[in-house]
Structures are given as C-alpha cells and as structure tokens.
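Structure file run.pdb (PDB, C-alpha atoms) follows.
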ATOM      1  CA  MET A   1     117.723 105.307 105.306
ATOM      2  CA  THR A   2     119.175 105.147 101.804
ATOM      3  CA  ALA A   3     122.129 107.193 100.646
ATOM      4  CA  VAL A   4     123.604 107.443  97.218
ATOM      5  CA  SER A   5     127.088 109.100  96.572
ATOM      6  CA  SER A   6     128.557 112.752  97.481
ATOM      7  CA  ALA A   7     129.378 114.547 100.702
ATOM      8  CA  CYS A   8     127.528 115.699 103.743
ATOM      9  CA  GLY A   9     129.050 118.236 106.104
ATOM     10  CA  THR A  10     128.552 118.646 109.776
ATOM     11  CA  HIS A  11     125.411 120.214 111.138
ATOM     12  CA  GLY A  12     126.193 123.636 112.517
ATOM     13  CA  ALA A  13     124.071 126.449 113.857
ATOM     14  CA  PRO A  14     124.419 129.203 111.223
ATOM     15  CA  PRO A  15     123.054 132.693 111.734
ATOM     16  CA  ARG A  16     119.335 133.203 111.276
ATOM     17  CA  ARG A  17     118.349 134.292 107.779
ATOM     18  CA  PRO A  18     115.844 137.021 107.098
ATOM     19  CA  GLY A  19     113.899 135.296 104.366
ATOM     20  CA  PHE A  20     113.716 132.521 101.846
ATOM     21  CA  ALA A  21     112.523 131.613  98.395
ATOM     22  CA  THR A  22     111.373 128.171  97.403
ATOM     23  CA  VAL A  23     109.292 126.603  94.663
ATOM     24  CA  ALA A  24     106.802 123.856  95.520
ATOM     25  CA  VAL A  25     105.890 121.967  92.356
ATOM     26  CA  ALA A  26     102.307 120.877  92.894
ATOM     27  CA  LEU A  27     101.747 119.215  89.492
ATOM     28  CA  LEU A  28      98.136 120.285  89.627
ATOM     29  CA  LEU A  29      97.087 118.697  86.354
ATOM     30  CA  ALA A  30      98.438 115.295  87.310
ATOM     31  CA  ILE A  31      96.913 115.529  90.762
ATOM     32  CA  ALA A  32      93.547 116.696  89.469
ATOM     33  CA  GLY A  33      93.491 113.916  86.888
ATOM     34  CA  GLY A  34      94.401 111.335  89.499
ATOM     35  CA  LEU A  35      91.764 112.514  91.945
ATOM     36  CA  LEU A  36      89.111 112.603  89.231
ATOM     37  CA  LEU A  37      89.922 109.046  88.221
ATOM     38  CA  LEU A  38      89.900 108.057  91.883
ATOM     39  CA  ALA A  39      86.450 109.564  92.357
ATOM     40  CA  GLN A  40      85.049 107.855  89.261
ATOM     41  CA  MET A  41      86.488 104.370  89.458
ATOM     42  CA  ALA A  42      87.524 103.297  92.929
ATOM     43  CA  PRO A  43      85.315 101.428  95.391
ATOM     44  CA  GLY A  44      84.703 103.644  98.406
ATOM     45  CA  ALA A  45      85.788 106.624  96.289
ATOM     46  CA  PRO A  46      84.381 109.427  98.493
ATOM     47  CA  ILE A  47      86.443 108.242 101.480
ATOM     48  CA  GLN A  48      89.578 107.768  99.367
ATOM     49  CA  LEU A  49      89.138 111.196  97.821
ATOM     50  CA  LYS A  50      88.846 112.757 101.279
ATOM     51  CA  ASP A  51      91.971 110.897 102.447
ATOM     52  CA  ALA A  52      93.913 112.003  99.360
ATOM     53  CA  LYS A  53      92.976 115.647  99.872
ATOM     54  CA  GLU A  54      93.967 115.483 103.539
ATOM     55  CA  THR A  55      97.284 113.864 102.617
ATOM     56  CA  HIS A  56      98.010 116.643 100.106
ATOM     57  CA  ARG A  57      97.302 119.157 102.880
ATOM     58  CA  ARG A  58      99.792 117.422 105.174
ATOM     59  CA  LEU A  59     102.467 117.278 102.472
ATOM     60  CA  ALA A  60     102.002 120.999 101.857
ATOM     61  CA  ARG A  61     102.435 121.733 105.579
ATOM     62  CA  VAL A  62     105.650 119.710 105.691
ATOM     63  CA  GLY A  63     106.894 121.455 102.558
ATOM     64  CA  ARG A  64     106.399 124.880 104.143
ATOM     65  CA  ALA A  65     108.187 123.709 107.280
ATOM     66  CA  LEU A  66     111.149 122.484 105.222
ATOM     67  CA  ALA A  67     111.438 125.844 103.444
ATOM     68  CA  ALA A  68     111.242 127.689 106.759
ATOM     69  CA  HIS A  69     113.867 125.401 108.307
ATOM     70  CA  GLY A  70     116.172 126.101 105.381
ATOM     71  CA  ALA A  71     115.703 129.847 105.728
ATOM     72  CA  VAL A  72     116.216 129.938 109.498
ATOM     73  CA  GLU A  73     118.865 127.264 109.968
ATOM     74  CA  GLY A  74     120.676 127.666 106.657
ATOM     75  CA  ARG A  75     120.259 123.991 105.782
ATOM     76  CA  LEU A  76     117.660 121.292 105.295
ATOM     77  CA  PRO A  77     117.316 118.503 107.864
ATOM     78  CA  CYS A  78     118.427 114.966 107.154
ATOM     79  CA  PRO A  79     115.632 112.358 107.132
ATOM     80  CA  ALA A  80     114.455 110.575 110.247
ATOM     81  CA  GLU A  81     115.423 106.924 110.405
ATOM     82  CA  ASP A  82     112.271 105.744 112.180
ATOM     83  CA  ALA A  83     108.908 106.829 113.566
ATOM     84  CA  SER A  84     110.530 108.839 116.389
ATOM     85  CA  GLY A  85     110.841 111.786 114.013
ATOM     86  CA  ALA A  86     114.335 112.647 115.256
ATOM     87  CA  GLU A  87     116.680 113.927 112.568
ATOM     88  CA  GLY A  88     119.068 111.233 111.414
ATOM     89  CA  THR A  89     122.492 111.626 109.839
ATOM     90  CA  CYS A  90     123.313 111.797 106.147
ATOM     91  CA  ALA A  91     125.985 109.466 104.810
ATOM     92  CA  GLU A  92     129.211 111.355 104.202
ATOM     93  CA  ASP A  93     129.469 109.850 100.708
ATOM     94  CA  GLY A  94     125.807 110.397  99.838
ATOM     95  CA  VAL A  95     124.219 112.581  97.138
ATOM     96  CA  VAL A  96     120.671 111.747  98.182
ATOM     97  CA  ALA A  97     119.424 110.690 101.627
ATOM     98  CA  ILE A  98     116.060 108.955 101.940
ATOM     99  CA  GLY A  99     114.081 108.176 105.051
ATOM    100  CA  PHE A 100     111.104 109.755 106.800
ATOM    101  CA  VAL A 101     109.906 113.225 107.783
ATOM    102  CA  PRO A 102     111.989 114.509 110.747
ATOM    103  CA  HIS A 103     108.954 116.098 112.360
ATOM    104  CA  ARG A 104     110.722 116.863 115.633
ATOM    105  CA  ALA A 105     113.426 118.878 113.865
ATOM    106  CA  LEU A 106     110.708 120.716 111.946
ATOM    107  CA  GLY A 107     108.603 121.396 115.038
ATOM    108  CA  LEU A 108     105.619 119.533 113.582
ATOM    109  CA  PRO A 109     103.163 117.124 115.209
ATOM    110  CA  VAL A 110     103.674 113.459 114.374
ATOM    111  CA  THR A 111     100.409 113.365 112.424
ATOM    112  CA  LEU A 112     101.976 115.497 109.697
ATOM    113  CA  ALA A 113     104.751 112.949 109.227
ATOM    114  CA  ARG A 114     102.153 110.348 108.224
ATOM    115  CA  ASP A 115      99.563 110.242 105.488
ATOM    116  CA  SER A 116      95.834 109.812 105.971
ATOM    117  CA  TRP A 117      96.249 106.037 105.917
ATOM    118  CA  GLY A 118      98.612 106.151 108.925
ATOM    119  CA  ARG A 119     101.748 105.322 106.959
ATOM    120  CA  MET A 120     105.012 107.203 107.217
ATOM    121  CA  VAL A 121     105.714 109.775 104.512
ATOM    122  CA  THR A 122     108.923 109.172 102.574
ATOM    123  CA  TYR A 123     111.309 112.150 102.605
ATOM    124  CA  ALA A 124     114.224 112.413 100.171
ATOM    125  CA  VAL A 125     116.715 115.270 100.385
ATOM    126  CA  THR A 126     119.796 116.478  98.512
ATOM    127  CA  VAL A 127     122.628 115.771 100.940
ATOM    128  CA  SER A 128     124.680 118.834  99.992
ATOM    129  CA  LEU A 129     121.767 121.035 101.107
ATOM    130  CA  THR A 130     121.907 119.558 104.623
ATOM    131  CA  GLN A 131     125.337 121.106 105.181
ATOM    132  CA  ALA A 132     125.729 124.248 107.262
ATOM    133  CA  GLU A 133     125.175 127.471 105.284
ATOM    134  CA  ALA A 134     124.022 125.490 102.217
ATOM    135  CA  TRP A 135     120.536 127.039 101.856
ATOM    136  CA  VAL A 136     121.556 130.114  99.842
ATOM    137  CA  ALA A 137     120.563 131.640  96.532
ATOM    138  CA  GLY A 138     122.151 129.742  93.667
ATOM    139  CA  ALA A 139     122.278 126.403  95.501
ATOM    140  CA  THR A 140     121.354 123.367  93.416
ATOM    141  CA  GLY A 141     119.672 120.082  94.229
ATOM    142  CA  ASP A 142     120.218 116.546  92.971
ATOM    143  CA  LEU A 143     116.673 115.152  92.856
ATOM    144  CA  THR A 144     114.520 114.762  89.740
ATOM    145  CA  LEU A 145     110.778 114.388  89.276
ATOM    146  CA  GLU A 146     109.141 113.127  86.101
ATOM    147  CA  ALA A 147     105.428 113.846  85.683
ATOM    148  CA  GLY A 148     103.502 111.541  83.396
ATOM    149  CA  ASP A 149     103.650 107.960  82.229
ATOM    150  CA  PRO A 150     106.955 106.054  82.556
ATOM    151  CA  GLY A 151     108.929 106.347  79.329
ATOM    152  CA  ALA A 152     107.005 109.415  78.164
ATOM    153  CA  PRO A 153     107.021 112.051  80.909
ATOM    154  CA  ALA A 154     105.059 115.187  80.096
ATOM    155  CA  ARG A 155     107.198 117.235  82.459
ATOM    156  CA  ARG A 156     110.617 116.848  84.046
ATOM    157  CA  GLU A 157     111.805 118.839  87.061
ATOM    158  CA  ILE A 158     115.537 118.642  87.800
ATOM    159  CA  GLY A 159     117.770 120.076  90.517
ATOM    160  CA  LEU A 160     115.146 119.622  93.238
ATOM    161  CA  ALA A 161     116.015 120.054  96.924
ATOM    162  CA  TRP A 162     113.548 117.597  98.449
ATOM    163  CA  VAL A 163     110.726 115.184  97.605
ATOM    164  CA  LEU A 164     107.851 113.984  99.814
ATOM    165  CA  VAL A 165     105.925 110.825  98.920
ATOM    166  CA  SER A 166     102.775 109.280 100.331
ATOM    167  CA  HIS A 167     102.482 105.788  98.912
ATOM    168  CA  GLY A 168      98.755 106.237  98.523
ATOM    169  CA  ALA A 169      95.703 104.227  99.410
ATOM    170  CA  ASN A 170      97.240 100.938  98.280
ATOM    171  CA  GLY A 171     100.307 101.652 100.461
ATOM    172  CA  ALA A 172     102.581  99.552  98.266
ATOM    173  CA  GLY A 173     106.117  99.839  99.640
ATOM    174  CA  ALA A 174     105.109 102.132 102.510
ATOM    175  CA  THR A 175     106.553 101.857 106.021
ATOM    176  CA  MET A 176     104.310 101.662 109.068
ATOM    177  CA  ALA A 177     105.074 103.419 112.370
ATOM    178  CA  SER A 178     106.028  99.979 113.716
ATOM    179  CA  GLY A 179     108.809  99.788 111.140
ATOM    180  CA  ASP A 180     107.057  97.059 109.167
ATOM    181  CA  ARG A 181     106.977  97.579 105.422
ATOM    182  CA  LEU A 182     104.044  96.759 103.204
ATOM    183  CA  PRO A 183     104.728  94.591 100.122
ATOM    184  CA  ASN A 184     106.602  96.323  97.331
ATOM    185  CA  PRO A 185     104.660  97.745  94.383
ATOM    186  CA  SER A 186     104.627  96.119  90.976
ATOM    187  CA  GLY A 187     104.100  99.264  88.886
ATOM    188  CA  ILE A 188     107.120 101.073  87.438
ATOM    189  CA  GLY A 189     106.039 104.492  88.700
ATOM    190  CA  GLU A 190     105.510 103.385  92.293
ATOM    191  CA  ILE A 191     108.804 101.465  92.284
ATOM    192  CA  GLU A 192     110.603 104.691  91.308
ATOM    193  CA  ASN A 193     109.135 106.368  94.396
ATOM    194  CA  LEU A 194     110.567 103.835  96.851
ATOM    195  CA  GLY A 195     114.077 105.311  96.976
ATOM    196  CA  ARG A 196     115.401 101.813  97.788
ATOM    197  CA  GLY A 197     115.415  98.394  96.113
ATOM    198  CA  LEU A 198     113.613  97.579  93.777
ATOM    199  CA  ASP A 199     114.252 101.208  92.836
ATOM    200  CA  THR A 200     117.435 101.428  90.766
ATOM    201  CA  ASP A 201     117.618 105.253  90.714
ATOM    202  CA  PRO A 202     116.940 106.696  94.189
ATOM    203  CA  ALA A 203     117.314 110.281  92.934
ATOM    204  CA  LEU A 204     114.420 109.933  90.431
ATOM    205  CA  PHE A 205     110.773 110.194  91.474
ATOM    206  CA  ARG A 206     107.503 110.163  89.548
ATOM    207  CA  SER A 207     104.082 111.758  89.658
ATOM    208  CA  ALA A 208     101.304 110.643  87.316
ATOM    209  CA  PRO A 209      97.525 110.415  86.990
ATOM    210  CA  HIS A 210      96.245 107.646  89.207
ATOM    211  CA  VAL A 211      95.751 104.232  87.636
ATOM    212  CA  LEU A 212      93.564 102.091  89.886
ATOM    213  CA  ASP A 213      92.318  99.407  87.507
ATOM    214  CA  PRO A 214      94.149  96.174  88.465
ATOM    215  CA  THR A 215      93.933  94.981  84.852
ATOM    216  CA  ALA A 216      95.983  97.984  83.688
ATOM    217  CA  GLY A 217      99.234  96.374  84.824
ATOM    218  CA  ASP A 218     100.867  99.535  86.225
ATOM    219  CA  LEU A 219      98.907 100.641  89.281
ATOM    220  CA  PHE A 220      99.766 104.105  90.588
ATOM    221  CA  ASP A 221      98.209 106.111  93.418
ATOM    222  CA  ASP A 222     101.204 107.828  95.037
ATOM    223  CA  LEU A 223     100.876 111.447  96.176
ATOM    224  CA  VAL A 224     104.021 113.542  95.613
ATOM    225  CA  ARG A 225     105.211 117.026  96.538
ATOM    226  CA  VAL A 226     108.616 118.534  95.778
ATOM    227  CA  GLY A 227     110.616 121.660  96.585
ATOM    228  CA  ALA A 228     113.387 123.536  94.783
ATOM    229  CA  PRO A 229     116.442 125.241  96.309
ATOM    230  CA  PRO A 230     116.146 128.950  97.197
TER     231      PRO A 230
END
Using structure tokens, write down the structure from this file.
Amino acid sequence: MTAVSSACGTHGAPPRRPGFATVAVALLLAIAGGLLLLAQMAPGAPIQLKDAKETHRRLARVGRALAAHGAVEGRLPCPAEDASGAEGTCAEDGVVAIGFVPHRALGLPVTLARDSWGRMVTYAVTVSLTQAEAWVAGATGDLTLEAGDPGAPARREIGLAWVLVSHGANGAGATMASGDRLPNPSGIGEIENLGRGLDTDPALFRSAPHVLDPTAGDLFDDLVRVGAPP
C-alpha cells in the first residue's frame, strides 16, 4: 500500500449518522467514448464491452458502499493490503493511501473487489477522511482526477475523497489475487493510475476515451470511478 504525506488518526466507533451526501463523478462522456471505440476497434469487442459494463457496475456498487460506510461509521475505510479484503492501516504521515478494496469492511462479496478480468481493483483514499468523525459536511479530500488526454484535460475534479480504478482489459500494472503484478503500462494515462512507481504523483488519477490501437503510442483502457466528500 502506498502512502504519501499527512496524518491519519485512530479508527474509532463514532455514533451512527442519519444520512449522507456524496457525489460520484461518472465521466459519462469519456466512458461512452471509450466504450464506443472499444466496440468498433478491438478484437473480441462484444466480450470486452460486456466485461467493461460489468466492471462499471461493480465500481458503482463499491462506490455506494463507501458512501454508506462514511455515513454510518463517520469515516472511510483504509485500503486493504492484499486479496483478503481486510482493512489495512493508513500511514500516520500519509495524505493519500493506496491499496485495494477492503470488501470485508464494506460488507461486500469478494467479487466486487475485482474487475471482470479477475484483477484486484485499486482503491485510493484521502487519509484524513479515514479518521474518526471525519465524514462530515465541509470535509475536503486530497485526490484529483483529470478527464481527457494527458497535457490537455477537458475536465479536472479536485478535492476528491476516493478513487477506484480497474486497469482494464490489458491489465497493465494490475495486481492479481495471488499478489503478482502484471507488467507496468507504457502510456502516460495508465501510469498515472498506478498510485505507485512509475507514477510520480499518487494523488492524481486520469480518465480518458479508450485508446486501443498499439500504434498510437499511449494505450489507455482503464475504468475509473471517484467520490467526493459529503
């Protein structure tokens, strides 16, 4: 699990909260463009399109569970460190913690912690929001998402609470349930979604139309979902 600089408090058991507000940024235009390109260009496109849609469904389920956990527990969970799905710990000097979906803490089946290709979904969270009583109106996050091509994003979302990433059909940089990692991506956008080396800015993530042509030089097929603080 990767951590980058600030503070994480202890995990308490705050009073139950009556409700919550969260914003899930779906980036529908980018997703629709990526899926259309996938359907038109990729070998085996119908199967890949089905897998991508199912993965988006799983990411949405996890996103709702994260919002509910924040509302009920008053904090977001830290990432899991492995395929067990148990909540890990956030580094005390971390701003952002990156690992895997803590499906046990969220009360979810293990299938929702993996994408349709069987790889573990990357989960990044603002460490300050994992502290007791942190999930309150006015709280801010430390994650950023840029939508669009590297260097010319069409949209920029800042102050995000959490980010979920499936590393797509090519799986570049993804982690298997065994703990083995697939080879790192070569494209700038997919590198920014690793949250670890080669990624030089673990708090920045990217969503973009899918580029599947190997001659294009910057392949991208990641599937991304984010959430804002309440």
Residues returned when the PyMOL selection byres ((chain A and resi 57) around 12) runs on this file, as a PyMOL selection string:
chain A and resi 26+50-56+58-64+111-116+166+223-225
Restrict the calculation to all atoms listed in the file, then for each residue of region 155-180 of chain A with any atom at most 12 Å from an atom of region 128-134 of chain A give the closest atom pair and their distance in Å to one decimal, rows by chain and rising residue number, as JSON lines.
{"residue": "A:Gly159", "atom": "CA", "partner": "A:Leu129", "partner_atom": "CA", "distance": 11.4}
{"residue": "A:Leu160", "atom": "CA", "partner": "A:Leu129", "partner_atom": "CA", "distance": 10.4}
{"residue": "A:Ala161", "atom": "CA", "partner": "A:Leu129", "partner_atom": "CA", "distance": 7.2}
{"residue": "A:Trp162", "atom": "CA", "partner": "A:Leu129", "partner_atom": "CA", "distance": 9.3}
To one decimal in Å, tell me the separation between CA of Thr126 (chain A) and CA of Thr200 (chain A).
17.1 Å
State, in Å with one decimal place, the distance from CA of Val127 (chain A) to CA of Glu146 (chain A).
20.2 Å
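For the choices A:Tyr123, A:Ser178, A:Gly118, A:Ala65, the atom-to-atom distance to Pro79 (chain A) is smallest for A:Tyr123 when using only C-alpha atoms.
Residues near the point (108.8, 113.0, 84.5), at a distance of 12 Å or less over all atoms listed in the file, make up Leu27, Ala30, Leu143, Thr144, Leu145, Glu146, Ala147, Gly148, Asp149, Pro150, Gly151, Ala152, Pro153, Ala154, Arg155, Arg156, Glu157, Ile158, Gly189, Glu192, Asn193, Leu204, Phe205, Arg206, Ser207, Ala208 and Pro209 of chain A.
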Determine the residue set returned by the PyMOL selection byres ((chain A and resi 136) around 9) for the present structure, and present it as a count of residues only.
13
Shell around region 88-90 of chain A at 6 Å using all atoms listed in the file, local window under 5 positions removed, as a PyMOL selection string
chain A and resi 78-81
Evaluate the PyMOL selection byres ((chain A and resi 103-108) around 6) and report residues as a PyMOL selection string
chain A and resi 85-86+101-102+109
Could you tell me which of A:Gly94, A:Gly197, A:Gly179, A:Gly171 comes closest to Asp82 (chain A) if we count all atoms listed in the file?
A:Gly179
Rounded to one decimal in Å, what is the spacing between CA of Ala68 (chain A) and CA of Ala203 (chain A)?
23.0 Å
Please identify all polymer residues within 8 Å of Asp221 (chain A), counting all atoms listed in the file, omitting same-chain residues fewer than 3 positions from it, and present them as a PyMOL selection string.
chain A and resi 34+167-170+190+209-212
I'd like the box whose edges run along x, y and z of the file and which contains every listed atom of region 72-90 of chain A, padded by 5 Å per side; could you state its centre and edge lengths in Å, one decimal, as lines of an AutoDock Vina configuration file?
center_x = 116.1
center_y = 117.8
center_z = 110.8
size_x = 24.4
size_y = 34.2
size_z = 21.1
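With distances restricted to only C-alpha atoms, A:Ala124 is the closest residue to Leu76 (chain A) from A:Pro183, A:Ala124, A:Val165, A:Ile47.
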Is there a way to complete region 116-134 of chain A with N, CA and C atoms and then write that out as a JSON list (two decimals), in the coordinates of the input?
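As a result, out.json now contains:
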[["chain", "number", "residue", "atom", "x", "y", "z"],
["A", 116, "SER", "N", 97.16, 110.06, 105.41],
["A", 116, "SER", "CA", 95.83, 109.81, 105.97],
["A", 116, "SER", "C", 95.57, 108.34, 106.25],
["A", 117, "TRP", "N", 96.41, 107.48, 105.70],
["A", 117, "TRP", "CA", 96.25, 106.04, 105.92],
["A", 117, "TRP", "C", 97.14, 105.56, 107.07],
["A", 118, "GLY", "N", 97.81, 106.49, 107.77],
["A", 118, "GLY", "CA", 98.61, 106.15, 108.92],
["A", 118, "GLY", "C", 100.00, 105.66, 108.60],
["A", 119, "ARG", "N", 100.41, 105.80, 107.35],
["A", 119, "ARG", "CA", 101.75, 105.32, 106.96],
["A", 119, "ARG", "C", 102.73, 106.47, 106.93],
["A", 120, "MET", "N", 103.99, 106.17, 107.15],
["A", 120, "MET", "CA", 105.01, 107.20, 107.22],
["A", 120, "MET", "C", 105.30, 107.77, 105.83],
["A", 121, "VAL", "N", 105.41, 109.10, 105.77],
["A", 121, "VAL", "CA", 105.71, 109.78, 104.51],
["A", 121, "VAL", "C", 107.21, 109.65, 104.22],
["A", 122, "THR", "N", 107.53, 109.26, 103.01],
["A", 122, "THR", "CA", 108.92, 109.17, 102.57],
["A", 122, "THR", "C", 109.46, 110.58, 102.30],
["A", 123, "TYR", "N", 110.66, 110.85, 102.80],
["A", 123, "TYR", "CA", 111.31, 112.15, 102.60],
["A", 123, "TYR", "C", 112.69, 111.92, 102.01],
["A", 124, "ALA", "N", 112.91, 112.48, 100.82],
["A", 124, "ALA", "CA", 114.22, 112.41, 100.17],
["A", 124, "ALA", "C", 114.80, 113.82, 100.11],
["A", 125, "VAL", "N", 116.09, 113.95, 100.36],
["A", 125, "VAL", "CA", 116.72, 115.27, 100.38],
["A", 125, "VAL", "C", 118.08, 115.22, 99.71],
["A", 126, "THR", "N", 118.45, 116.32, 99.06],
["A", 126, "THR", "CA", 119.80, 116.48, 98.51],
["A", 126, "THR", "C", 120.77, 116.66, 99.67],
["A", 127, "VAL", "N", 121.73, 115.76, 99.78],
["A", 127, "VAL", "CA", 122.63, 115.77, 100.94],
["A", 127, "VAL", "C", 123.43, 117.06, 101.05],
["A", 128, "SER", "N", 123.87, 117.61, 99.92],
["A", 128, "SER", "CA", 124.68, 118.83, 99.99],
["A", 128, "SER", "C", 123.91, 119.99, 100.63],
["A", 129, "LEU", "N", 122.58, 119.96, 100.54],
["A", 129, "LEU", "CA", 121.77, 121.04, 101.11],
["A", 129, "LEU", "C", 121.51, 120.85, 102.60],
["A", 130, "THR", "N", 122.00, 119.76, 103.17],
["A", 130, "THR", "CA", 121.91, 119.56, 104.62],
["A", 130, "THR", "C", 123.16, 120.07, 105.34],
["A", 131, "GLN", "N", 124.13, 120.56, 104.58],
["A", 131, "GLN", "CA", 125.34, 121.11, 105.18],
["A", 131, "GLN", "C", 125.08, 122.51, 105.71],
["A", 132, "ALA", "N", 125.85, 122.90, 106.70],
["A", 132, "ALA", "CA", 125.73, 124.25, 107.26],
["A", 132, "ALA", "C", 125.93, 125.30, 106.18],
["A", 133, "GLU", "N", 125.09, 126.33, 106.21],
["A", 133, "GLU", "CA", 125.18, 127.47, 105.28],
["A", 133, "GLU", "C", 124.90, 127.10, 103.83],
["A", 134, "ALA", "N", 124.25, 125.94, 103.59],
["A", 134, "ALA", "CA", 124.02, 125.49, 102.22],
["A", 134, "ALA", "C", 122.79, 126.11, 101.58]]
